[in-house]
$ cat upload06.tsv   # TSV, C-alpha atoms
chain	number	residue	atom	x	y	z
A	1	MET	CA	20.87	-8.06	28.60
A	2	THR	CA	17.60	-6.17	27.99
A	3	THR	CA	15.23	-7.54	25.32
A	4	ILE	CA	13.09	-5.04	23.42
A	5	ASP	CA	10.80	-5.32	20.43
A	6	GLY	CA	11.42	-4.24	16.86
A	7	PHE	CA	8.70	-4.33	14.20
A	8	TRP	CA	9.35	-4.59	10.46
A	9	SER	CA	6.19	-4.06	8.40
A	10	TYR	CA	6.34	-5.01	4.71
A	11	VAL	CA	4.51	-6.74	1.88
A	12	HIS	CA	5.70	-10.31	1.38
A	13	ALA	CA	5.16	-10.08	-2.37
A	14	ASP	CA	7.62	-7.17	-2.45
A	15	ASP	CA	10.16	-9.20	-0.49
A	16	ASP	CA	9.69	-12.13	-2.88
A	17	ALA	CA	10.20	-9.83	-5.86
A	18	GLU	CA	13.44	-8.60	-4.26
A	19	SER	CA	14.68	-12.15	-3.52
A	20	GLY	CA	14.37	-11.66	0.24
A	21	ARG	CA	16.34	-8.39	0.41
A	22	ILE	CA	13.71	-6.57	2.50
A	23	ALA	CA	13.73	-9.21	5.24
A	24	GLN	CA	17.51	-9.42	5.06
A	25	LEU	CA	17.78	-5.67	5.59
A	26	ALA	CA	15.70	-6.05	8.75
A	27	ARG	CA	18.05	-8.69	10.13
A	28	ASP	CA	21.14	-6.65	9.22
A	29	VAL	CA	19.76	-3.52	10.90
A	30	VAL	CA	18.89	-5.49	14.04
A	31	ALA	CA	22.40	-6.94	14.19
A	32	GLN	CA	23.87	-3.44	13.97
A	33	PHE	CA	21.43	-2.07	16.54
A	34	GLU	CA	22.30	-4.83	19.02
A	35	MET	CA	26.01	-4.24	18.46
A	36	LEU	CA	25.64	-0.50	19.10
A	37	THR	CA	23.43	-0.80	22.19
A	38	GLY	CA	24.18	-4.17	23.75
A	39	GLU	CA	20.42	-4.78	23.85
A	40	SER	CA	18.70	-7.81	22.34
A	41	ILE	CA	15.80	-7.27	19.94
A	42	SER	CA	12.85	-9.59	19.51
A	43	LEU	CA	12.16	-8.90	15.83
A	44	PHE	CA	8.59	-9.10	14.54
A	45	LEU	CA	9.25	-9.83	10.89
A	46	ASP	CA	7.25	-12.76	9.53
A	47	ARG	CA	3.50	-12.19	9.68
A	48	ASP	CA	3.02	-15.70	8.30
A	49	ARG	CA	3.68	-16.94	11.83
A	50	LEU	CA	0.50	-17.54	13.79
A	51	GLN	CA	1.80	-15.52	16.69
A	52	TRP	CA	2.24	-12.37	14.59
A	53	GLY	CA	-1.38	-11.28	14.82
A	54	ASP	CA	-1.69	-12.57	18.39
A	55	ASP	CA	1.40	-10.88	19.76
A	56	TRP	CA	2.13	-7.51	18.19
A	57	ARG	CA	-0.94	-5.51	19.26
A	58	PRO	CA	-0.81	-6.49	22.98
A	59	LYS	CA	2.88	-5.60	23.06
A	60	VAL	CA	2.13	-2.15	21.64
A	61	ASP	CA	-0.84	-1.72	23.93
A	62	ALA	CA	1.32	-2.56	26.96
A	63	SER	CA	3.70	0.33	26.34
A	64	LEU	CA	5.47	1.86	23.39
A	65	SER	CA	8.35	2.69	25.69
A	66	SER	CA	9.55	-0.92	25.43
A	67	ILE	CA	9.65	-0.85	21.61
A	68	ALA	CA	12.89	-0.12	19.78
A	69	PHE	CA	11.35	0.78	16.43
A	70	PHE	CA	8.57	0.30	13.91
A	71	VAL	CA	9.83	0.31	10.32
A	72	PRO	CA	7.24	0.26	7.51
A	73	VAL	CA	8.89	-0.56	4.17
A	74	ILE	CA	7.06	1.73	1.78
A	75	THR	CA	6.13	0.59	-1.75
A	76	PRO	CA	3.00	1.10	-3.88
A	77	ARG	CA	1.76	-2.33	-2.78
A	78	TYR	CA	2.20	-1.41	0.90
A	79	PHE	CA	-0.79	0.92	0.65
A	80	MET	CA	-2.86	-1.81	-1.00
A	81	SER	CA	-2.27	-4.24	1.87
A	82	LYS	CA	-5.00	-4.20	4.49
A	83	GLU	CA	-2.69	-5.63	7.17
A	84	CYS	CA	0.14	-3.23	6.40
A	85	ARG	CA	-2.21	-0.26	6.48
A	86	ARG	CA	-3.63	-1.44	9.79
A	87	GLU	CA	-0.18	-1.85	11.31
A	88	LEU	CA	1.07	1.53	10.11
A	89	ASN	CA	-2.07	3.35	11.23
A	90	TYR	CA	-2.01	1.72	14.67
A	91	PHE	CA	1.68	2.21	15.42
A	92	ALA	CA	1.82	5.76	14.06
A	93	ARG	CA	-1.30	6.91	15.91
A	94	GLN	CA	-0.09	5.39	19.18
A	95	ALA	CA	3.36	6.95	18.79
A	96	GLN	CA	1.81	10.35	18.09
A	97	ARG	CA	-0.43	10.10	21.14
A	98	LEU	CA	2.56	9.31	23.33
A	99	GLY	CA	4.75	11.96	21.73
A	100	ILE	CA	7.47	9.49	20.72
A	101	GLU	CA	7.13	9.57	16.94
A	102	GLU	CA	10.87	8.94	16.57
A	103	LEU	CA	10.17	5.21	16.93
A	104	VAL	CA	8.39	5.16	13.55
A	105	LEU	CA	10.93	5.29	10.70
A	106	PRO	CA	9.53	4.57	7.23
A	107	VAL	CA	11.96	3.12	4.70
A	108	LEU	CA	11.09	4.29	1.20
A	109	TRP	CA	11.90	1.22	-0.90
A	110	ILE	CA	10.09	2.21	-4.09
A	111	ASP	CA	8.79	5.69	-4.77
A	112	VAL	CA	5.02	5.90	-4.35
A	113	PRO	CA	2.79	8.04	-6.58
A	114	GLY	CA	1.23	10.78	-4.49
A	115	LEU	CA	3.77	10.67	-1.67
A	116	HIS	CA	5.32	13.95	-2.79
A	117	ASP	CA	1.99	15.74	-3.33
A	118	ASP	CA	1.35	18.73	-1.10
A	119	ASP	CA	-1.98	17.23	0.00
A	120	PRO	CA	-2.10	13.44	-0.63
A	121	THR	CA	-5.58	12.02	-1.08
A	122	ASP	CA	-4.67	8.86	0.86
A	123	GLU	CA	-4.64	9.66	4.58
A	124	LEU	CA	-1.88	7.11	5.24
A	125	LEU	CA	0.30	8.70	2.55
A	126	ALA	CA	-0.25	11.99	4.35
A	127	LEU	CA	0.68	10.25	7.61
A	128	VAL	CA	3.95	8.90	6.18
A	129	LYS	CA	4.85	12.38	4.92
A	130	ARG	CA	4.87	13.61	8.52
A	131	PHE	CA	7.62	11.18	9.46
A	132	GLN	CA	11.24	11.48	8.36
A	133	TRP	CA	11.73	8.51	6.08
A	134	SER	CA	14.96	6.83	4.99
A	135	ASP	CA	15.36	6.74	1.21
A	136	TRP	CA	16.41	3.30	-0.09
A	137	THR	CA	15.09	3.69	-3.64
A	138	THR	CA	18.68	3.58	-4.96
A	139	LEU	CA	20.37	1.74	-2.10
A	140	ARG	CA	18.13	-1.31	-2.64
A	141	PHE	CA	20.23	-2.12	-5.72
A	142	SER	CA	23.53	-2.17	-3.77
A	143	ASP	CA	25.35	-5.46	-3.33
A	144	LEU	CA	24.79	-6.83	0.18
A	145	GLY	CA	28.50	-7.15	0.77
A	146	SER	CA	29.44	-3.73	-0.57
A	147	GLY	CA	30.74	-0.93	1.60
A	148	GLU	CA	27.87	1.27	0.40
A	149	TYR	CA	25.26	-1.19	1.67
A	150	ARG	CA	27.02	-1.87	4.97
A	151	LYS	CA	27.44	1.85	5.69
A	152	ALA	CA	23.78	2.53	4.88
A	153	VAL	CA	22.71	-0.27	7.25
A	154	ALA	CA	24.95	1.16	9.99
A	155	ASP	CA	23.53	4.66	9.40
A	156	LEU	CA	19.98	3.33	9.63
A	157	ALA	CA	20.74	1.45	12.83
A	158	ALA	CA	22.39	4.57	14.28
A	159	ARG	CA	19.26	6.60	13.51
A	160	LEU	CA	17.18	4.02	15.37
A	161	VAL	CA	19.55	4.19	18.36
A	162	GLN	CA	19.18	7.98	18.41
A	163	ALA	CA	15.40	7.64	18.09
A	164	ASN	CA	15.33	5.34	21.10
A	165	SER	CA	17.34	7.80	23.17
A	166	ALA	CA	14.91	10.58	22.26
A	167	ALA	CA	11.93	8.32	22.99
A	168	GLU	CA	13.34	7.32	26.38
A	169	ALA	CA	13.81	10.98	27.31
A	170	ALA	CA	10.22	11.74	26.26
A	171	ALA	CA	8.86	8.71	28.10
A	172	LYS	CA	10.45	9.78	31.38
A	173	SER	CA	8.39	12.94	31.47
A	174	LEU	CA	5.19	11.29	30.29
A	175	ASP	CA	2.42	9.64	32.29
A	176	ILE	CA	2.07	6.72	29.89
A	177	ASP	CA	-0.72	5.01	31.84
A	178	ALA	CA	-2.85	8.15	31.69
A	179	VAL	CA	-2.29	8.61	27.97
A	180	GLU	CA	-3.02	4.99	27.12
A	181	ALA	CA	-6.22	5.16	29.14
A	182	GLU	CA	-7.53	7.84	26.78
A	183	PRO	CA	-9.87	6.61	24.06
A	184	ASP	CA	-8.44	6.69	20.57
A	185	ASP	CA	-10.82	8.77	18.50
A	186	ASN	CA	-9.23	7.42	15.31
A	187	ASP	CA	-10.19	3.83	16.11
A	188	LEU	CA	-13.38	3.32	14.11
A	189	GLY	CA	-16.11	1.02	15.35
A	190	THR	CA	-18.04	-1.41	13.16
A	191	LEU	CA	-20.86	1.04	12.43
A	192	ASP	CA	-18.32	3.73	11.59
A	193	LYS	CA	-16.57	1.41	9.13
A	194	LEU	CA	-19.85	0.51	7.47
A	195	GLY	CA	-20.67	4.21	7.18
A	196	VAL	CA	-17.30	4.91	5.58
A	197	MET	CA	-17.92	2.04	3.15
A	198	GLU	CA	-21.32	3.44	2.12
A	199	GLU	CA	-19.74	6.83	1.45
A	200	SER	CA	-16.74	5.44	-0.43
A	201	LEU	CA	-18.45	2.82	-2.61
A	202	PRO	CA	-20.16	5.28	-5.00
A	203	HIS	CA	-16.91	7.24	-5.27
A	204	MET	CA	-15.00	4.08	-6.15
A	205	THR	CA	-17.54	3.24	-8.86
A	206	GLU	CA	-17.26	6.78	-10.23
A	207	ILE	CA	-13.47	6.45	-10.37
A	208	LEU	CA	-13.74	3.23	-12.40
A	209	ASN	CA	-16.01	5.02	-14.88
A	210	GLN	CA	-13.58	7.94	-15.16
A	211	VAL	CA	-10.56	5.73	-15.72
A	212	GLY	CA	-12.37	3.94	-18.54
A	213	SER	CA	-12.90	7.13	-20.53
A	214	THR	CA	-9.33	8.31	-19.85
A	215	ILE	CA	-7.91	5.00	-21.07
A	216	GLU	CA	-9.93	5.39	-24.27
A	217	GLU	CA	-8.35	8.82	-24.75
A	218	ILE	CA	-4.89	7.31	-24.28
A	219	GLY	CA	-5.67	4.46	-26.66
A	220	LEU	CA	-6.73	6.88	-29.39
A	221	ALA	CA	-3.55	8.92	-28.98
A	222	MET	CA	-1.38	5.80	-29.24
A	223	GLN	CA	-3.31	4.54	-32.26
A	224	GLY	CA	-2.83	7.90	-33.93
A	225	ALA	CA	0.91	7.76	-33.33
A	226	THR	CA	1.10	4.24	-34.74
A	227	SER	CA	-0.83	5.33	-37.81
A	228	ASP	CA	1.51	8.30	-38.33
A	229	ILE	CA	4.56	6.02	-38.16
A	230	GLU	CA	3.06	3.51	-40.61
A	231	SER	CA	2.11	6.25	-43.08
A	232	ASN	CA	5.71	7.48	-43.29
A	233	THR	CA	6.99	6.27	-46.64
A	234	ASN	CA	10.33	8.09	-46.66
A	235	PRO	CA	13.01	5.63	-45.39
A	236	SER	CA	15.70	8.32	-45.12
A	237	ALA	CA	13.58	10.35	-42.71
A	238	ALA	CA	12.25	7.40	-40.72
A	239	LEU	CA	14.26	8.01	-37.55
A	240	ALA	CA	13.58	11.75	-37.41
A	241	THR	CA	9.90	11.13	-38.08
A	242	ARG	CA	9.64	8.58	-35.28
A	243	LEU	CA	11.32	10.99	-32.86
A	244	ARG	CA	8.90	13.78	-33.79
A	245	ILE	CA	5.92	11.46	-33.41
A	246	ALA	CA	7.20	10.20	-30.05
A	247	ARG	CA	7.65	13.77	-28.80
A	248	LYS	CA	4.16	14.71	-29.94
A	249	LEU	CA	2.70	11.59	-28.30
A	250	ALA	CA	4.52	12.37	-25.04
A	251	GLY	CA	2.84	15.77	-24.96
A	252	GLU	CA	-0.57	14.25	-25.63
A	253	LEU	CA	-0.11	11.60	-22.92
A	254	ALA	CA	1.19	13.86	-20.14
A	255	ALA	CA	-2.20	15.08	-18.89
A	256	PRO	CA	-4.15	11.78	-19.13
A	257	ALA	CA	-1.23	9.83	-17.59
A	258	SER	CA	-1.17	12.23	-14.63
A	259	SER	CA	-4.94	11.88	-14.37
A	260	ILE	CA	-4.66	8.07	-14.31
A	261	ARG	CA	-2.14	8.19	-11.48
A	262	THR	CA	-4.33	10.59	-9.47
A	263	LEU	CA	-7.35	8.35	-10.06
A	264	GLY	CA	-5.26	5.32	-9.07
A	265	ASN	CA	-4.38	6.95	-5.74
A	266	ASP	CA	-8.02	7.87	-5.14
A	267	PHE	CA	-9.13	4.37	-6.07
A	268	SER	CA	-6.59	2.79	-3.70
A	269	SER	CA	-7.74	4.97	-0.81
A	270	SER	CA	-11.46	4.39	-1.49
A	271	LEU	CA	-10.91	0.66	-1.94
A	272	ASN	CA	-9.32	0.39	1.48
A	273	ASP	CA	-12.37	2.03	3.08
A	274	VAL	CA	-14.78	-0.15	1.11
A	275	ASP	CA	-12.79	-3.33	1.76
A	276	GLU	CA	-13.23	-3.20	5.54
A	277	GLY	CA	-16.97	-2.61	5.27
A	278	VAL	CA	-17.55	-5.33	2.68
A	279	ARG	CA	-15.63	-7.89	4.74
A	280	ILE	CA	-17.60	-6.97	7.86
A	281	ILE	CA	-20.91	-7.47	6.05
A	282	ILE	CA	-19.82	-10.80	4.58
A	283	ALA	CA	-18.60	-12.08	7.96
A	284	ARG	CA	-21.80	-11.02	9.74
A	285	ALA	CA	-24.21	-12.37	7.11
A	286	PRO	CA	-24.64	-16.02	8.27
A	287	GLU	CA	-25.28	-15.12	11.92
A	288	GLU	CA	-27.64	-12.25	11.10
A	289	VAL	CA	-29.64	-14.43	8.70
A	290	ARG	CA	-29.97	-17.13	11.37
A	291	GLU	CA	-31.28	-14.52	13.81
A	292	SER	CA	-33.44	-12.71	11.24
A	293	PRO	CA	-34.28	-14.95	8.22
A	294	GLN	CA	-36.04	-12.11	6.40
A	295	SER	CA	-32.69	-10.36	6.03
A	296	ARG	CA	-31.40	-13.10	3.71
A	297	SER	CA	-32.73	-11.41	0.56
A	298	GLU	CA	-30.96	-8.17	1.49
A	299	PHE	CA	-27.63	-9.93	1.93
A	300	GLU	CA	-28.09	-11.89	-1.29
A	301	GLY	CA	-28.87	-8.65	-3.14
A	302	PHE	CA	-25.72	-7.07	-1.72
A	303	PHE	CA	-23.64	-10.10	-2.71
A	304	ASP	CA	-25.07	-10.02	-6.24
A	305	ALA	CA	-24.13	-6.35	-6.48
A	306	ILE	CA	-20.58	-7.10	-5.35
A	307	ARG	CA	-20.25	-9.93	-7.87
A	308	GLY	CA	-21.55	-7.63	-10.61
A	309	MET	CA	-19.08	-4.90	-9.69
A	310	VAL	CA	-16.17	-7.32	-9.71
A	311	THR	CA	-17.24	-8.83	-13.04
A	312	GLN	CA	-17.54	-5.38	-14.59
A	313	SER	CA	-14.14	-4.43	-13.19
A	314	GLU	CA	-12.61	-7.64	-14.58
A	315	VAL	CA	-13.71	-6.60	-18.07
A	316	GLY	CA	-12.53	-3.00	-17.78
A	317	LEU	CA	-9.29	-3.65	-15.93
A	318	GLY	CA	-8.38	-6.68	-18.02
A	319	ALA	CA	-7.48	-4.28	-20.83
A	320	VAL	CA	-5.48	-2.27	-18.29
A	321	ALA	CA	-3.29	-5.28	-17.47
A	322	ASN	CA	-2.53	-5.74	-21.18
A	323	MET	CA	-1.69	-2.06	-21.52
A	324	ILE	CA	0.78	-2.25	-18.62
A	325	ALA	CA	2.59	-5.15	-20.29
A	326	GLN	CA	2.87	-3.17	-23.53
A	327	LEU	CA	4.10	0.06	-21.94
A	328	GLU	CA	7.39	-1.09	-20.40
A	329	PRO	CA	9.23	-1.88	-23.66
A	330	ILE	CA	7.92	1.35	-25.25
A	331	GLU	CA	9.36	3.37	-22.34
A	332	LYS	CA	12.85	2.30	-23.43
A	333	MET	CA	12.37	3.49	-27.00
A	334	SER	CA	12.09	7.23	-26.37
A	335	ARG	CA	13.37	9.55	-23.66
A	336	ASP	CA	10.40	11.85	-24.28
A	337	LEU	CA	7.91	9.05	-23.71
A	338	ARG	CA	9.63	7.61	-20.66
A	339	GLN	CA	8.15	9.88	-17.99
A	340	PRO	CA	4.48	9.97	-19.13
A	341	LEU	CA	4.47	6.22	-19.76
A	342	ARG	CA	6.06	5.50	-16.38
A	343	THR	CA	3.46	7.73	-14.70
A	344	LEU	CA	0.72	5.93	-16.62
A	345	ARG	CA	2.04	2.49	-15.71
A	346	GLU	CA	2.28	3.37	-12.01
A	347	GLY	CA	-1.34	4.55	-11.96
A	348	LEU	CA	-2.64	1.55	-13.90
A	349	THR	CA	-0.83	-0.84	-11.56
A	350	LEU	CA	-2.82	0.52	-8.60
A	351	PHE	CA	-6.04	-0.45	-10.37
A	352	VAL	CA	-4.84	-3.95	-11.24
A	353	ASP	CA	-3.65	-4.53	-7.66
A	354	GLY	CA	-7.05	-3.34	-6.45
A	355	LEU	CA	-8.75	-5.96	-8.58
A	356	THR	CA	-6.98	-8.63	-6.52
A	357	VAL	CA	-8.60	-7.19	-3.37
A	358	MET	CA	-12.02	-7.20	-5.02
A	359	ARG	CA	-11.64	-10.81	-6.14
A	360	GLY	CA	-11.06	-11.62	-2.47
A	361	TRP	CA	-14.61	-10.42	-1.70
A	362	VAL	CA	-16.06	-12.94	-4.13
A	363	SER	CA	-13.97	-15.72	-2.58
A	364	LEU	CA	-15.31	-14.83	0.88
A	365	ILE	CA	-18.88	-14.82	-0.41
A	366	ASP	CA	-18.34	-18.22	-2.03
A	367	GLU	CA	-17.17	-19.59	1.33
A	368	ILE	CA	-20.40	-18.67	3.18
A	369	GLU	CA	-22.98	-19.32	0.48
A	370	PRO	CA	-25.59	-20.59	0.46
A	371	LEU	CA	-26.78	-18.56	3.44
A	372	PRO	CA	-28.84	-20.26	6.16
A	373	GLY	CA	-32.35	-20.98	4.95
A	374	ALA	CA	-31.45	-20.89	1.27
A	375	ASP	CA	-32.31	-23.81	-0.97
A	376	ALA	CA	-29.34	-26.14	-1.44
$ encode --input "upload06.tsv" --output "structure tokens"
Amino acid sequence: MTTIDGFWSYVHADDDAESGRIAQLARDVVAQFEMLTGESISLFLDRDRLQWGDDWRPKVDASLSSIAFFVPVITPRYFMSKECRRELNYFARQAQRLGIEELVLPVLWIDVPGLHDDDPTDELLALVKRFQWSDWTTLRFSDLGSGEYRKAVADLAARLVQANSAAEAAAKSLDIDAVEAEPDDNDLGTLDKLGVMEESLPHMTEILNQVGSTIEEIGLAMQGATSDIESNTNPSAALATRLRIARKLAGELAAPASSIRTLGNDFSSSLNDVDEGVRIIIARAPEEVRESPQSRSEFEGFFDAIRGMVTQSEVGLGAVANMIAQLEPIEKMSRDLRQPLRTLREGLTLFVDGLTVMRGWVSLIDEIEPLPGADA
């Protein structure tokens, strides 16, 4: 029996939130695939294993023709994960270079803001749009033992079998060694990543300033609505008044909510570019200071700037986290308010998730400080 490789790329926090359903879907699809083909799959599923990072890239580098599938499970958090973004970018680019894109099948688990835009600002969102994804936004609620779930799993496995047949046909007419010998122009070097960071950092700061003023606008609109409700002294018209106020508030929130979601997408994309550069600088700092002690003040200045940015973001985005918690119950009170508030909550969540990434920078800085030559 032939053994081939299957790759399931997902965010563990999403799987935890779904009580392990994402990982279970992977195992169910593999079981169906093996039953349909008679081939055994070595499933790369748990990136917590040490061998995950050691094994997956060499296997892809060796030849994509031996890979059964790469399934990224798409959620808003997927695009905030550095590892998930790296995996998706690497697999998708390699598959495109070899002309066997059928092996990449995104599973849309939760709808992602910006994915349906004509021109997504996040390049990986744009990349996903070019692949034919499988929509599980409703199926993820199906009982695992139901006929609906089992049929959907079988359909997904059948699509992967068909994709492998198409990939095998393409591989036969392709000089894989020659293609893989070509340099990948999309693979950025260290200097390139630092350059991208320098370009993206001011934009990210600008976005944070913009979101602050937009949130103030939203806060004023919501305060106004609350004041209108409290000023209503006619009990017999209370319900009608609340409905009118809710409808008016929905109209006032539509534009700023859409703006917040757009800014959230831009922030997520910029943060990913900045994240790589910041981590490179932090990792290089101790060695560079040992080799060139005079550079210590420059690194310390950079670290102070990062700490200041994170502290400022903590203050601004702390209010955002409270707003998210308050929005969900309000969504259920009015049909008119549901869509703008949902849009607003999705955008705000991108900012709060980004704050977790930024806190990681401070933790890395804490691990290497004090730098060589600094006073203890």
$ closest_residue --input "upload06.tsv" --among "A:Arg261, A:Lys82, A:Arg284, A:Arg150" --to "Phe351 of chain A" --atoms "all atoms listed in the file"
A:Arg261
$ atom_distance --input "upload06.tsv" --atom1 "atom CA of Glu102 of chain A" --atom2 "atom CA of Leu88 of chain A"
13.9 Å
$ atom_distance --input "upload06.tsv" --atom1 "atom CA of Asp122 of chain A" --atom2 "atom CA of Glu252 of chain A"
27.3 Å
$ closest_residue --input "upload06.tsv" --among "A:Gly20, A:Gly360, A:Gly264, A:Gly347" --to "Leu144 of chain A" --atoms "only C-alpha atoms"
A:Gly20
$ residues_around --input "upload06.tsv" --residues "Met197 of chain A" --least-positions-apart "3" --cutoff "8 Å" --atoms "all atoms listed in the file" --output "list in words"
Lys193, Leu194, Ser200, Leu201, Asp273, Val274, Asp275, Glu276, Gly277 and Val278 of chain A
$ closest_residue --input "upload06.tsv" --among "A:Ser295, A:Gln312, A:Gln94, A:Ser9" --to "Val73 of chain A" --atoms "all atoms listed in the file"
A:Ser9
$ atom_distance --input "upload06.tsv" --atom1 "atom CA of Asp16 of chain A" --atom2 "atom CA of Ser134 of chain A"
21.2 Å
$ axis_aligned_box --input "upload06.tsv" --around "segment 124-129 of chain A" --padding-each-side "5 Å" --output "lines of an AutoDock Vina configuration file"
center_x = 1.5
center_y = 9.7
center_z = 5.1
size_x = 16.7
size_y = 15.3
size_z = 15.1
$ residues_around --input "upload06.tsv" --residues "Arg359 of chain A" --least-positions-apart "2" --cutoff "10 Å" --atoms "only C-alpha atoms" --output "list in words"
Ile306, Arg307, Val310, Thr311, Ser313, Glu314, Gly354, Leu355, Thr356, Val357, Trp361, Val362, Ser363 and Leu364 of chain A
